[in-house]
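Engineer: Please find entry.tsv (TSV, C-alpha atoms) on the next line:
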chain	number	residue	atom	x	y	z
Z	1	MET	CA	170.02	108.96	-72.03
Z	2	ILE	CA	169.48	105.91	-74.24
Z	3	PRO	CA	169.25	102.82	-72.01
Z	4	THR	CA	172.12	100.39	-72.57
Z	5	LEU	CA	171.75	96.65	-72.23
Z	6	SER	CA	173.31	96.95	-68.77
Z	7	ASP	CA	170.61	99.47	-67.84
Z	8	LEU	CA	167.90	97.11	-69.03
Z	9	ARG	CA	169.43	94.23	-67.08
Z	10	GLU	CA	169.22	96.29	-63.90
Z	11	GLN	CA	165.61	97.28	-64.66
Z	12	ALA	CA	164.76	93.63	-65.24
Z	13	ARG	CA	166.42	92.62	-61.97
Z	14	LYS	CA	164.29	95.15	-60.07
Z	15	ARG	CA	161.02	94.14	-61.75
Z	16	LEU	CA	161.32	90.36	-61.73
Z	17	ALA	CA	160.77	88.05	-58.80
Z	18	PRO	CA	164.25	87.11	-57.53
Z	19	ALA	CA	163.83	83.43	-58.42
Z	20	HIS	CA	162.73	84.34	-61.94
Z	21	TYR	CA	165.59	86.78	-62.45
Z	22	ASP	CA	168.01	84.13	-61.24
Z	23	PHE	CA	166.53	81.58	-63.66
Z	24	PHE	CA	167.20	83.90	-66.59
Z	25	ALA	CA	170.58	85.18	-65.36
Z	26	GLY	CA	172.07	82.06	-63.89
Z	27	GLY	CA	174.45	79.50	-65.33
Z	28	ALA	CA	175.64	76.05	-64.35
Z	29	ALA	CA	177.66	75.33	-61.21
Z	30	ASP	CA	180.08	78.23	-60.50
Z	31	GLU	CA	178.86	80.10	-63.62
Z	32	ARG	CA	182.36	80.39	-65.06
Z	33	ALA	CA	181.23	79.56	-68.60
Z	34	ALA	CA	178.47	82.15	-68.43
Z	35	ARG	CA	180.91	84.85	-67.27
Z	36	GLU	CA	183.57	83.83	-69.79
Z	37	ASN	CA	181.13	84.24	-72.67
Z	38	GLU	CA	181.22	87.98	-72.04
Z	39	ARG	CA	184.85	88.21	-70.94
Z	40	ALA	CA	186.08	86.51	-74.11
Z	41	PHE	CA	184.93	89.53	-76.11
Z	42	HIS	CA	186.70	91.89	-73.70
Z	43	ARG	CA	190.02	90.14	-74.35
Z	44	LEU	CA	189.90	91.06	-78.05
Z	45	ALA	CA	190.05	94.35	-79.92
Z	46	LEU	CA	189.25	95.52	-83.44
Z	47	LEU	CA	192.01	96.99	-85.60
Z	48	PRO	CA	190.18	99.45	-87.87
Z	49	ARG	CA	190.97	100.23	-91.48
Z	50	VAL	CA	190.75	103.80	-92.82
Z	51	LEU	CA	189.86	105.63	-96.03
Z	52	ARG	CA	187.90	102.69	-97.42
Z	53	GLY	CA	185.16	104.68	-99.12
Z	54	ALA	CA	182.28	102.93	-97.32
Z	55	ALA	CA	179.76	105.75	-97.12
Z	56	HIS	CA	176.81	103.38	-97.54
Z	57	ARG	CA	176.52	100.25	-95.43
Z	58	ASP	CA	174.38	97.19	-96.07
Z	59	LEU	CA	173.77	95.09	-92.96
Z	60	GLY	CA	171.39	92.62	-94.60
Z	61	LEU	CA	171.92	88.95	-95.35
Z	62	THR	CA	170.04	85.87	-96.44
Z	63	LEU	CA	170.17	82.91	-94.08
Z	64	LEU	CA	168.62	79.53	-94.99
Z	65	GLY	CA	166.37	81.31	-97.45
Z	66	ASP	CA	165.18	83.93	-94.96
Z	67	ARG	CA	166.09	87.59	-95.42
Z	68	LEU	CA	167.48	89.39	-92.35
Z	69	THR	CA	168.07	93.13	-92.13
Z	70	MET	CA	171.08	92.65	-89.84
Z	71	PRO	CA	173.37	89.82	-88.71
Z	72	VAL	CA	171.75	89.68	-85.25
Z	73	LEU	CA	168.98	87.23	-84.45
Z	74	VAL	CA	167.10	86.16	-81.31
Z	75	SER	CA	168.35	82.93	-79.78
Z	76	PRO	CA	165.96	80.55	-78.00
Z	77	THR	CA	165.19	81.24	-74.35
Z	78	ALA	CA	162.49	79.69	-72.20
Z	79	PHE	CA	159.52	81.01	-70.28
Z	80	HIS	CA	159.05	84.54	-71.64
Z	81	ARG	CA	155.78	84.96	-69.74
Z	82	LEU	CA	157.80	84.98	-66.54
Z	83	ALA	CA	159.24	88.26	-67.85
Z	84	HIS	CA	156.06	89.85	-69.22
Z	85	PRO	CA	152.39	88.79	-69.58
Z	86	ASP	CA	152.57	88.96	-73.40
Z	87	GLY	CA	155.60	86.68	-73.31
Z	88	GLU	CA	156.74	85.21	-76.61
Z	89	ARG	CA	154.04	87.08	-78.54
Z	90	ALA	CA	155.67	90.40	-77.64
Z	91	THR	CA	159.11	89.03	-78.50
Z	92	ALA	CA	157.81	87.77	-81.84
Z	93	ARG	CA	156.26	91.11	-82.77
Z	94	ALA	CA	159.39	93.06	-81.90
Z	95	THR	CA	161.67	90.65	-83.73
Z	96	ALA	CA	159.49	90.74	-86.83
Z	97	ALA	CA	159.47	94.53	-86.78
Z	98	ALA	CA	163.28	94.48	-86.55
Z	99	GLY	CA	163.44	92.31	-89.67
Z	100	THR	CA	165.33	89.41	-88.17
Z	101	VAL	CA	164.86	85.79	-87.07
Z	102	LEU	CA	163.23	84.66	-83.85
Z	103	ILE	CA	164.21	81.17	-82.74
Z	104	ALA	CA	161.15	80.14	-80.74
Z	105	SER	CA	161.97	77.94	-77.77
Z	106	MET	CA	160.53	74.47	-77.38
Z	107	ALA	CA	160.03	75.58	-73.73
Z	108	SER	CA	157.93	78.56	-74.77
Z	109	THR	CA	155.02	79.64	-72.58
Z	110	VAL	CA	153.07	80.41	-75.78
Z	111	PRO	CA	152.35	77.74	-78.45
Z	112	VAL	CA	154.56	78.01	-81.51
Z	113	ALA	CA	151.57	78.57	-83.81
Z	114	GLU	CA	150.66	81.68	-81.81
Z	115	VAL	CA	154.28	82.87	-81.87
Z	116	THR	CA	154.44	82.68	-85.67
Z	117	ALA	CA	151.00	84.30	-85.95
Z	118	ALA	CA	152.15	87.21	-83.79
Z	119	ALA	CA	155.26	87.68	-85.91
Z	120	ARG	CA	153.36	87.55	-89.18
Z	121	ALA	CA	150.73	89.98	-88.01
Z	122	VAL	CA	153.61	92.48	-88.10
Z	123	ARG	CA	155.32	91.25	-91.26
Z	124	ALA	CA	153.91	88.58	-93.53
Z	125	ASP	CA	157.29	86.99	-94.28
Z	126	ALA	CA	158.73	87.27	-90.77
Z	127	PRO	CA	161.08	84.31	-90.24
Z	128	VAL	CA	160.51	82.14	-87.17
Z	129	TRP	CA	162.63	79.08	-86.48
Z	130	PHE	CA	161.81	76.42	-83.88
Z	131	GLN	CA	164.27	75.16	-81.30
Z	132	LEU	CA	163.98	71.41	-80.79
Z	133	TYR	CA	165.40	69.07	-78.18
Z	134	MET	CA	165.24	65.64	-79.77
Z	135	GLN	CA	163.25	63.44	-77.40
Z	136	PRO	CA	164.01	59.83	-76.44
Z	137	GLU	CA	160.73	58.78	-78.08
Z	138	PRO	CA	161.09	59.35	-81.84
Z	139	ASP	CA	157.35	59.82	-82.31
Z	140	ILE	CA	157.42	62.84	-80.00
Z	141	THR	CA	160.37	64.36	-81.87
Z	142	ARG	CA	158.52	63.88	-85.16
Z	143	ALA	CA	155.32	65.37	-83.73
Z	144	LEU	CA	157.17	68.47	-82.54
Z	145	ALA	CA	158.91	68.89	-85.90
Z	146	ASP	CA	155.57	68.56	-87.68
Z	147	ARG	CA	153.98	71.07	-85.32
Z	148	ALA	CA	156.71	73.59	-86.12
Z	149	ALA	CA	156.30	73.06	-89.86
Z	150	GLN	CA	152.52	73.41	-89.63
Z	151	ALA	CA	152.96	76.63	-87.66
Z	152	GLY	CA	154.99	78.06	-90.53
Z	153	CYS	CA	158.47	77.83	-89.03
Z	154	THR	CA	161.16	77.89	-91.71
Z	155	ALA	CA	163.94	75.98	-89.89
Z	156	LEU	CA	164.55	73.68	-86.95
Z	157	VAL	CA	167.31	74.50	-84.46
Z	158	VAL	CA	168.26	71.20	-82.87
Z	159	THR	CA	169.93	71.77	-79.51
Z	160	ALA	CA	172.45	68.97	-79.06
Z	161	ASP	CA	174.42	70.09	-76.00
Z	162	SER	CA	171.99	68.79	-73.39
Z	163	PRO	CA	172.31	65.01	-72.83
Z	164	VAL	CA	171.40	65.84	-69.22
Z	165	PHE	CA	170.13	68.97	-67.50
Z	166	GLY	CA	172.73	71.45	-66.31
Z	167	ARG	CA	173.28	71.77	-62.57
Z	168	ARG	CA	171.91	75.26	-61.91
Z	169	GLU	CA	172.61	76.10	-58.33
Z	170	ARG	CA	170.67	79.37	-58.26
Z	171	ASP	CA	167.50	77.46	-59.17
Z	172	ALA	CA	168.24	74.87	-56.48
Z	173	ARG	CA	168.75	77.56	-53.84
Z	174	ASN	CA	165.51	79.26	-54.89
Z	175	ALA	CA	163.61	75.94	-55.09
Z	176	PHE	CA	162.60	77.01	-58.60
Z	177	HIS	CA	161.68	73.72	-60.19
Z	178	ASP	CA	158.42	74.47	-61.98
Z	179	LEU	CA	156.44	77.29	-63.56
Z	180	PRO	CA	153.92	79.14	-61.41
Z	181	PRO	CA	150.19	78.39	-61.80
Z	182	GLY	CA	148.76	79.55	-65.11
Z	183	LEU	CA	151.99	79.07	-67.06
Z	184	ALA	CA	153.12	75.94	-68.90
Z	185	THR	CA	155.43	74.70	-71.64
Z	186	GLU	CA	152.67	75.01	-74.21
Z	187	ASN	CA	154.45	73.21	-77.06
Z	188	MET	CA	154.47	70.03	-74.97
Z	189	ARG	CA	150.69	69.65	-74.91
Z	190	HIS	CA	148.77	67.10	-77.00
Z	191	LEU	CA	151.76	65.00	-77.95
Z	192	PRO	CA	151.80	61.20	-78.29
Z	193	GLY	CA	151.31	59.61	-74.89
Z	194	ALA	CA	150.19	62.86	-73.27
Z	195	ASP	CA	147.95	62.72	-70.22
Z	196	GLY	CA	144.96	64.67	-71.49
Z	197	ASP	CA	145.74	68.38	-71.68
Z	198	ARG	CA	148.70	68.10	-69.33
Z	199	PRO	CA	152.02	69.10	-70.96
Z	200	ARG	CA	154.68	66.43	-71.16
Z	201	ASP	CA	158.01	67.06	-69.50
Z	202	ILE	CA	160.88	67.97	-71.80
Z	203	ALA	CA	163.25	65.01	-71.56
Z	204	MET	CA	167.02	64.99	-71.96
Z	205	SER	CA	168.75	61.79	-73.07
Z	206	ALA	CA	172.42	60.84	-73.24
Z	207	ALA	CA	171.42	57.96	-75.55
Z	208	LEU	CA	170.66	60.27	-78.48
Z	209	SER	CA	173.09	59.98	-81.39
Z	210	TRP	CA	173.78	61.00	-84.97
Z	211	ASP	CA	171.33	58.23	-85.96
Z	212	ASP	CA	168.52	60.19	-84.28
Z	213	LEU	CA	169.51	63.30	-86.20
Z	214	ARG	CA	169.51	61.30	-89.46
Z	215	ARG	CA	165.98	60.07	-88.73
Z	216	LEU	CA	164.84	63.63	-88.05
Z	217	ARG	CA	166.40	64.84	-91.30
Z	218	ALA	CA	164.66	62.07	-93.21
Z	219	HIS	CA	161.34	63.06	-91.65
Z	220	THR	CA	161.25	66.86	-91.96
Z	221	PRO	CA	161.55	69.09	-95.03
Z	222	LEU	CA	162.81	71.98	-92.86
Z	223	PRO	CA	166.48	73.02	-92.83
Z	224	ILE	CA	168.29	71.94	-89.67
Z	225	VAL	CA	170.62	74.14	-87.62
Z	226	LEU	CA	172.68	72.16	-85.10
Z	227	LYS	CA	173.09	74.17	-81.89
Z	228	GLY	CA	175.65	73.60	-79.18
Z	229	VAL	CA	178.66	72.62	-81.29
Z	230	LEU	CA	182.03	73.47	-79.71
Z	231	HIS	CA	184.37	70.75	-81.00
Z	232	PRO	CA	185.65	71.09	-84.60
Z	233	GLU	CA	185.33	67.36	-85.24
Z	234	ASP	CA	181.61	67.55	-84.43
Z	235	ALA	CA	181.38	70.43	-86.90
Z	236	ARG	CA	182.96	68.27	-89.62
Z	237	ILE	CA	180.62	65.38	-88.85
Z	238	ALA	CA	177.59	67.68	-88.89
Z	239	VAL	CA	178.49	69.06	-92.31
Z	240	ALA	CA	179.02	65.52	-93.63
Z	241	GLU	CA	175.60	64.57	-92.22
Z	242	GLY	CA	173.98	67.33	-94.24
Z	243	VAL	CA	173.21	69.83	-91.50
Z	244	ASP	CA	172.29	73.19	-93.02
Z	245	ALA	CA	173.99	75.46	-90.46
Z	246	LEU	CA	175.79	75.33	-87.13
Z	247	LEU	CA	175.23	77.44	-84.04
Z	248	VAL	CA	178.37	77.65	-81.88
Z	249	SER	CA	177.09	77.87	-78.32
Z	250	ASN	CA	177.75	76.68	-74.79
Z	251	HIS	CA	174.06	77.12	-73.93
Z	252	GLY	CA	174.69	80.47	-72.32
Z	253	GLY	CA	176.92	78.74	-69.78
Z	254	ARG	CA	173.92	76.81	-68.47
Z	255	GLN	CA	175.12	73.27	-69.20
Z	256	LEU	CA	178.85	72.41	-68.86
Z	257	ASP	CA	180.49	75.01	-66.65
Z	258	ALA	CA	183.92	73.76	-67.74
Z	259	ALA	CA	183.16	74.53	-71.39
Z	260	PRO	CA	185.05	77.32	-73.17
Z	261	ALA	CA	183.41	80.57	-74.11
Z	262	ALA	CA	181.52	80.24	-77.38
Z	263	LEU	CA	183.72	82.93	-78.95
Z	264	GLU	CA	186.85	80.95	-78.08
Z	265	ALA	CA	185.47	77.90	-79.92
Z	266	LEU	CA	184.32	79.87	-82.97
Z	267	PRO	CA	187.57	80.16	-85.02
Z	268	ARG	CA	188.25	76.42	-84.98
Z	269	ILE	CA	184.64	75.65	-85.93
Z	270	ALA	CA	184.79	78.17	-88.78
Z	271	ALA	CA	188.02	76.60	-90.01
Z	272	ALA	CA	186.56	73.10	-89.86
Z	273	VAL	CA	183.44	74.15	-91.78
Z	274	ALA	CA	185.45	76.12	-94.35
Z	275	GLY	CA	182.45	78.03	-95.65
Z	276	ARG	CA	180.36	74.98	-96.53
Z	277	VAL	CA	177.46	76.01	-94.26
Z	278	PRO	CA	176.67	79.16	-92.27
Z	279	VAL	CA	178.20	79.34	-88.79
Z	280	LEU	CA	176.24	81.24	-86.16
Z	281	LEU	CA	177.27	82.10	-82.61
Z	282	ASP	CA	175.50	82.96	-79.39
Z	283	GLY	CA	176.72	83.58	-75.87
Z	284	GLY	CA	177.97	86.83	-74.40
Z	285	VAL	CA	176.99	89.25	-77.19
Z	286	ARG	CA	176.23	92.51	-75.41
Z	287	ARG	CA	177.37	95.19	-77.89
Z	288	GLY	CA	177.45	95.75	-81.60
Z	289	SER	CA	181.23	95.52	-81.34
Z	290	ASP	CA	180.84	91.97	-79.99
Z	291	ALA	CA	178.84	91.06	-83.08
Z	292	ALA	CA	181.54	92.62	-85.27
Z	293	ILE	CA	184.29	90.61	-83.57
Z	294	ALA	CA	182.34	87.38	-83.99
Z	295	LEU	CA	181.72	88.07	-87.67
Z	296	ALA	CA	185.39	88.87	-88.20
Z	297	LEU	CA	186.28	85.51	-86.65
Z	298	GLY	CA	184.00	83.53	-88.95
Z	299	ALA	CA	180.41	83.86	-87.82
Z	300	THR	CA	177.69	84.60	-90.36
Z	301	ALA	CA	175.44	86.09	-87.69
Z	302	VAL	CA	175.11	86.19	-83.91
Z	303	GLY	CA	172.25	85.46	-81.56
Z	304	VAL	CA	171.23	87.23	-78.36
Z	305	GLY	CA	169.25	85.60	-75.57
Z	306	ARG	CA	169.39	87.18	-72.13
Z	307	PRO	CA	169.39	90.79	-73.45
Z	308	VAL	CA	166.04	90.12	-75.12
Z	309	LEU	CA	164.65	88.89	-71.80
Z	310	TRP	CA	165.96	92.00	-70.05
Z	311	GLY	CA	164.21	94.20	-72.60
Z	312	LEU	CA	161.02	92.16	-72.31
Z	313	ALA	CA	160.99	92.39	-68.52
Z	314	ALA	CA	161.84	96.09	-68.54
Z	315	ASP	CA	159.32	97.29	-71.13
Z	316	GLY	CA	157.59	94.44	-72.93
Z	317	GLU	CA	157.57	94.59	-76.72
Z	318	ARG	CA	159.10	98.07	-76.73
Z	319	GLY	CA	161.95	96.80	-74.60
Z	320	VAL	CA	162.74	94.01	-77.04
Z	321	THR	CA	162.55	96.48	-79.91
Z	322	HIS	CA	165.00	98.74	-78.10
Z	323	VAL	CA	167.48	95.87	-77.59
Z	324	LEU	CA	167.46	94.90	-81.26
Z	325	GLU	CA	167.60	98.43	-82.61
Z	326	LEU	CA	170.39	99.36	-80.21
Z	327	LEU	CA	172.46	96.38	-81.39
Z	328	ARG	CA	171.72	97.31	-85.00
Z	329	ALA	CA	172.84	100.91	-84.49
Z	330	GLU	CA	175.97	99.87	-82.60
Z	331	PHE	CA	176.93	97.27	-85.20
Z	332	ASP	CA	176.47	99.77	-88.04
Z	333	HIS	CA	178.56	102.33	-86.10
Z	334	VAL	CA	181.39	99.83	-85.48
Z	335	LEU	CA	181.30	98.67	-89.10
Z	336	ALA	CA	181.73	102.28	-90.23
Z	337	LEU	CA	184.58	102.85	-87.78
Z	338	CYS	CA	186.32	99.74	-89.12
Z	339	GLY	CA	186.01	101.02	-92.69
Z	340	GLY	CA	183.46	98.41	-93.74
Z	341	GLY	CA	180.46	98.67	-96.02
Z	342	ARG	CA	179.09	95.18	-95.38
Z	343	ALA	CA	179.59	92.35	-92.93
Z	344	ALA	CA	181.98	90.54	-95.28
Z	345	ASP	CA	184.44	93.41	-94.81
Z	346	LEU	CA	185.00	92.21	-91.24
Z	347	THR	CA	187.93	89.82	-91.61
Z	348	PRO	CA	190.24	87.98	-89.16
Z	349	ASP	CA	193.11	90.43	-89.63
Z	350	LEU	CA	191.00	93.10	-87.91
Z	351	VAL	CA	190.98	91.15	-84.62
Z	352	VAL	CA	193.89	91.46	-82.19
Z	353	ALA	CA	194.45	90.42	-78.60
Z	354	ARG	CA	193.79	93.41	-76.36
Z	355	GLY	CA	197.00	94.58	-74.74
Z	356	ARG	CA	199.16	92.69	-77.24
Z	357	PHE	CA	198.98	94.90	-80.31
Z	358	ASP	CA	202.16	93.43	-81.80
Z	359	ASP	CA	200.81	89.88	-81.63
Z	360	PRO	CA	197.69	88.85	-83.59
Z	361	SER	CA	195.04	87.11	-81.56
Z	362	PRO	CA	195.63	83.36	-81.47
Z	363	ARG	CA	191.94	82.97	-82.04
Z	364	ALA	CA	192.09	85.07	-85.16
Z	365	ALA	CA	195.04	83.11	-86.48
Z	366	GLU	CA	193.18	79.85	-86.11
Z	367	THR	CA	190.51	80.88	-88.61
Z	368	GLY	CA	192.98	80.38	-91.41
Z	369	ALA	CA	194.35	77.05	-90.28
Z	370	THR	CA	192.99	73.57	-89.98
Z	371	PRO	CA	193.18	72.50	-86.35
Would you mind giving the structure from this file in C-alpha cells?

Structural biologist:
Amino acid sequence: MIPTLSDLREQARKRLAPAHYDFFAGGAADERAARENERAFHRLALLPRVLRGAAHRDLGLTLLGDRLTMPVLVSPTAFHRLAHPDGERATARATAAAGTVLIASMASTVPVAEVTAAARAVRADAPVWFQLYMQPEPDITRALADRAAQAGCTALVVTADSPVFGRRERDARNAFHDLPPGLATENMRHLPGADGDRPRDIAMSAALSWDDLRRLRAHTPLPIVLKGVLHPEDARIAVAEGVDALLVSNHGGRQLDAAPAALEALPRIAAAVAGRVPVLLDGGVRRGSDAAIALALGATAVGVGRPVLWGLAADGERGVTHVLELLRAEFDHVLALCGGGRAADLTPDLVVARGRFDDPSPRAAETGATP
C-alpha cells in the first residue's frame, strides 16, 4: 500500500517526542482555524468536464522567474531538525529533486546558505525562497534580506500576519518554549547587535507598517511575496505597493484562531488582484484534489507545510520526496478526471458546494465579482 499523508502523519506522531509533534500539529487557542483549513476543502466538490481531448498534461509553471514542475511548493515551517537530524537539508534535497520551490523558514535549524547549497547539489537551478519576518530594527531586517540574497535565494516571502505571537496552548501545556540543546534558529546568528555567537530572538512587532515594507523593497533586489493576506483590501494595497505575489494564508491556524480558512478567503483575494500578480495559497492542502480546487478558485499554486514535516519525521528525505510525488500524482490524476490538460483548465465553474449540486459554490461565484 502506498502511504497516504494521513499514514505519514500517524508515523510522525509515533516517532516524534509528544511536545515536538504538538508543536508541528498544533494551532492557536481552540485550533478552529487549523481544523477549518482542511474542512473548507471538504465542503466543496469538483464538477468534471468530459471528452476534452487532454491526453497529455503539462503541470509546469513559471513563478517569479523560477520554473516549477508542478503547482505545489513547500511552505515555510520551523525547526526541521526536531523532525529529523538532517532537518532542512533533507527537505531542500527532496524539494529540489521534485522540481519545485522550497520556502526556507527564517526559523530554520540550518543556515539558509546551507539550505540552498543542499538544494543546488541536487539541481543547479533549484529555486529556494526565504521567509522573512520584518524585525522592529530595520538594520536586522536588511541584514537578513542580504543574507538570503547572498545565499542565492530568488525571492523573499514576507510573513505579515504576526504582529504578536499566536497563543498556542499545546506548547504552553507541554512547556515547550525553546529548542533542545544543540539546536538553534541558525539564521539569527551574527546579526547586528548579536551577543557573540548567540542567536537573536525572532521578534514580532505590531508597530510594523507598509512603510517598513517600502523600505525593504527599496533595499533588496529580490521579488517580494507577501504572506498572510486574508482581506481583499490588503491585497489591493499590496499590489499598489508593488508586491510581486501574494500568499493567502492564516499561518496554518497558528495565529488568529478566529480567522477564516485560507480557502474561504481565496476567491475574494483573487478577485481583488484580478490577475495582476500571482496568488498562492497554503493551509489545509492534503490531497491533489485540494490543490485542484484552490487553482480553480484563483490560486496560481499551493503550498504544503505540515505534510512535509510528517514525511520528514517518518522517513527523512525519502519521506519528503514521497509527499511531493504523491501530491503530484494525485493532482495529475484529478486534472485528467476533470478533463484538463494544464492548470489553467481548472476554472471556477468546476467548483460546486458539496451537497448542493444545483447551487454553485458562493466561493466560486465570488471569483468573478468585485467584493

Engineer: List as a PyMOL selection string the protein and nucleic acid residues near region 340-348 of chain Z, meaning an atom at most 6 Å away when all atoms listed in the file are counted, but skip any in the same chain fewer than 3 places from it.

Structural biologist: chain Z and resi 54+57-59+296-297+335-336+351+364

Engineer: With distances taken over all atoms listed in the file, which residue among Z:Pro307, Z:Gly193, Z:Pro221, Z:Gly298 lies nearest Glu10 (chain Z)?

Structural biologist: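 Ranked by minimum distance to Glu10 (chain Z), first place goes to Z:Pro307.
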
Engineer: Neighbours of region 67-82 of chain Z within 8 Å (all atoms listed in the file; same-chain residues fewer than 3 positions away dropped), as a PyMOL selection string?

Structural biologist: chain Z and resi 20+59-63+85-88+95+98-109+127+131+183+185+282+291+300-306+308-309+312+324+327-328+343

Engineer: Rounded to one decimal in Å, what is the spacing between CA of Arg318 (chain Z) and CA of Pro18 (chain Z)?

Structural biologist: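 Computing the Euclidean distance for CA of Arg318 (chain Z) and CA of Pro18 (chain Z) yields 22.7 Å.
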
Engineer: Could you tell me how far CA of Val164 (chain Z) lies from CA of Val248 (chain Z), in Å and to one decimal?

Structural biologist: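 That distance, rounded to one decimal, is 18.7 Å.
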
Engineer: Excluding Arg120 (chain Z) and residues on its chain fewer than 2 positions from it, collect all residues at most 12 Å away from it, counting all atoms listed in the file, and give them as a tab-separated table (two decimals) with C-alpha atoms, in the coordinates of the input.

Structural biologist:
chain	number	residue	atom	x	y	z
Z	89	ARG	CA	154.04	87.08	-78.54
Z	92	ALA	CA	157.81	87.77	-81.84
Z	93	ARG	CA	156.26	91.11	-82.77
Z	94	ALA	CA	159.39	93.06	-81.90
Z	95	THR	CA	161.67	90.65	-83.73
Z	96	ALA	CA	159.49	90.74	-86.83
Z	97	ALA	CA	159.47	94.53	-86.78
Z	99	GLY	CA	163.44	92.31	-89.67
Z	101	VAL	CA	164.86	85.79	-87.07
Z	102	LEU	CA	163.23	84.66	-83.85
Z	113	ALA	CA	151.57	78.57	-83.81
Z	114	GLU	CA	150.66	81.68	-81.81
Z	115	VAL	CA	154.28	82.87	-81.87
Z	116	THR	CA	154.44	82.68	-85.67
Z	117	ALA	CA	151.00	84.30	-85.95
Z	118	ALA	CA	152.15	87.21	-83.79
Z	122	VAL	CA	153.61	92.48	-88.10
Z	123	ARG	CA	155.32	91.25	-91.26
Z	124	ALA	CA	153.91	88.58	-93.53
Z	125	ASP	CA	157.29	86.99	-94.28
Z	126	ALA	CA	158.73	87.27	-90.77
Z	127	PRO	CA	161.08	84.31	-90.24
Z	128	VAL	CA	160.51	82.14	-87.17
Z	151	ALA	CA	152.96	76.63	-87.66
Z	152	GLY	CA	154.99	78.06	-90.53
Z	153	CYS	CA	158.47	77.83	-89.03

Engineer: Can you work out which one of Z:Ala45, Z:Ala261, Z:Met134, Z:Val110 has the shortest atom-to-atom distance to Val352 (chain Z), counting all atoms listed in the file?

Structural biologist: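 Selected residue with least distance to Val352 (chain Z): Z:Ala45.
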
Engineer: Give the answer as one residue: which of Z:Leu191, Z:Leu230, Z:Ala184, Z:Leu16 has the shortest atom-to-atom distance to Leu144 (chain Z), using all atoms listed in the file?

Structural biologist: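 Under the stated criterion, the closest residue is Z:Leu191.
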
Engineer: Which residue is closest to Arg170 (chain Z)? Choose from Z:Val323, Z:Ala12, Z:Phe23, Z:His56 and count all atoms listed in the file.

Structural biologist: Z:Phe23

Engineer: For a quick check of understanding, using only C-alpha atoms, which of Z:Phe331, Z:Trp310, Z:Phe130, Z:Tyr21 has the smallest distance to Asp146 (chain Z)?

Structural biologist: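 Among the listed residues, the smallest separation from Asp146 (chain Z) belongs to Z:Phe130.
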
Engineer: List as a PDB file with C-alpha atoms, keeping the file's coordinate frame the residues having at least one atom at most 8 Å from position (167.7, 75.0, -84.7) as given in the file, counting only C-alpha atoms.

Structural biologist:
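See point14.pdb below for the written result:
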ATOM      1  CA  ILE Z 103     164.210  81.170 -82.740  1.00  0.00           C
ATOM      2  CA  TRP Z 129     162.630  79.080 -86.480  1.00  0.00           C
ATOM      3  CA  PHE Z 130     161.810  76.420 -83.880  1.00  0.00           C
ATOM      4  CA  GLN Z 131     164.270  75.160 -81.300  1.00  0.00           C
ATOM      5  CA  LEU Z 132     163.980  71.410 -80.790  1.00  0.00           C
ATOM      6  CA  ALA Z 155     163.940  75.980 -89.890  1.00  0.00           C
ATOM      7  CA  LEU Z 156     164.550  73.680 -86.950  1.00  0.00           C
ATOM      8  CA  VAL Z 157     167.310  74.500 -84.460  1.00  0.00           C
ATOM      9  CA  VAL Z 158     168.260  71.200 -82.870  1.00  0.00           C
ATOM     10  CA  THR Z 159     169.930  71.770 -79.510  1.00  0.00           C
ATOM     11  CA  ILE Z 224     168.290  71.940 -89.670  1.00  0.00           C
ATOM     12  CA  VAL Z 225     170.620  74.140 -87.620  1.00  0.00           C
ATOM     13  CA  LEU Z 226     172.680  72.160 -85.100  1.00  0.00           C
ATOM     14  CA  LYS Z 227     173.090  74.170 -81.890  1.00  0.00           C
ATOM     15  CA  LEU Z 247     175.230  77.440 -84.040  1.00  0.00           C
TER      16      LEU Z 247
END

Engineer: Rounded to one decimal place, report the CA of Pro232 (chain Z)-CA of Ala265 (chain Z) distance in Å.

Structural biologist: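 So the answer is 8.3 Å.
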
Engineer: Taking only C-alpha atoms into account, which of Z:Ala19, Z:Leu213, Z:Leu64, Z:Ala33 comes nearest Gly242 (chain Z)?

Structural biologist: Z:Leu213

Engineer: Which centre and edge lengths in Å to one decimal define the box along x, y and z that fits every listed atom of region 229-237 of chain Z plus 8 Å per side, as AutoDock Vina command-line options?

Structural biologist:
--center_x 182.2 --center_y 69.4 --center_z -84.7 --size_x 23.0 --size_y 24.1 --size_z 25.9

Engineer: Tell me which protein, DNA and RNA residues are within 8 Å of Ala314 (chain Z), counting only C-alpha atoms, leaving out same-chain ones fewer than 3 positions away, and put them as a ChimeraX atom specification.

Structural biologist: /Z:8-9,11-12,15,310-311,319

Engineer: Got a sec: who's within 8 Å of Arg198 (chain Z), counting all atoms listed in the file, leaving out chain neighbours fewer than 4 positions off, as a tab-separated table (two decimals) with C-alpha atoms, in the frame of the given file?

Structural biologist:
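Once written, out-v6.tsv looks like this:
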chain	number	residue	atom	x	y	z
Z	189	ARG	CA	150.69	69.65	-74.91
Z	190	HIS	CA	148.77	67.10	-77.00
Z	194	ALA	CA	150.19	62.86	-73.27
